[in-house]
Amino acid sequence: QMQLAESGGGLAQAGGSLRLSCAASGRTFSSAAMGWFRQAPGKDREFVAAIRWSDRSTYYADSVKGRFTISRDNAKNTVYLQMNSLKPEDTAVYYCAADLNGSSWYRGLVGKVDEYDYWGQGTQVTVSS
């Protein structure tokens, strides 16, 4: 089992910044791909960003490229999502997810919800205009 716990959500103004954290515990994940997804009311869950734990390779959705940065701290077993230049359309519940064996990365499927084995409970991000 792996447990994922997100934190850092809240309210921001358009153009502002927030940093989300995802603390991981339980099973080892040296081969994992870690992802951030988001889900707005009435919409499907969508991919935001992913990082490969082993070498810190990253991948972003076009909608956040250049504004969001995913990173990880090995010592703290934590993945971060730094969100800058926030827009009202970034409003959603943000989820952290783990693909333990990282196979989604090698198959080019890091953006697929079904590729992830574990999910956090989510944290709300609200951006006001």
# chains A, B, ... in the order shown; residues from 1 in each chain; ligands from 1
>>> select_by_dssp(residues="chain A", states="strand (DSSP E)", output="VMD selection string")
chain A and resid 2 to 7 10 to 13 18 to 26 33 to 39 46 to 52 58 to 60 68 to 73 78 to 83 92 to 99 118 to 119 123 to 128
>>> select_by_dssp(residues="range 17-128 of chain A", states="alpha helix (DSSP H)", output="ChimeraX atom specification")
/A:103-106
>>> closest_residue(among="A:Leu109, A:Ala92, A:Val48, A:Leu86", to="Ala12 in chain A", atoms="only C-alpha atoms")
A:Leu86
>>> residues_around(residues="Leu100 in chain A", least_positions_apart="5", cutoff="10 Å", atoms="only C-alpha atoms", output="list in words")
Met2, Arg27, Thr28, Phe29, Ser30, Ser31, Ala32, Ala33, Met34, Trp53, Glu115, Tyr116, Asp117 and Tyr118 of chain A
>>> residues_around(residues="range 81-83 of chain A", least_positions_apart="4", cutoff="8 Å", atoms="only C-alpha atoms", output="PyMOL selection string")
chain A and resi 17-21+36+67-71
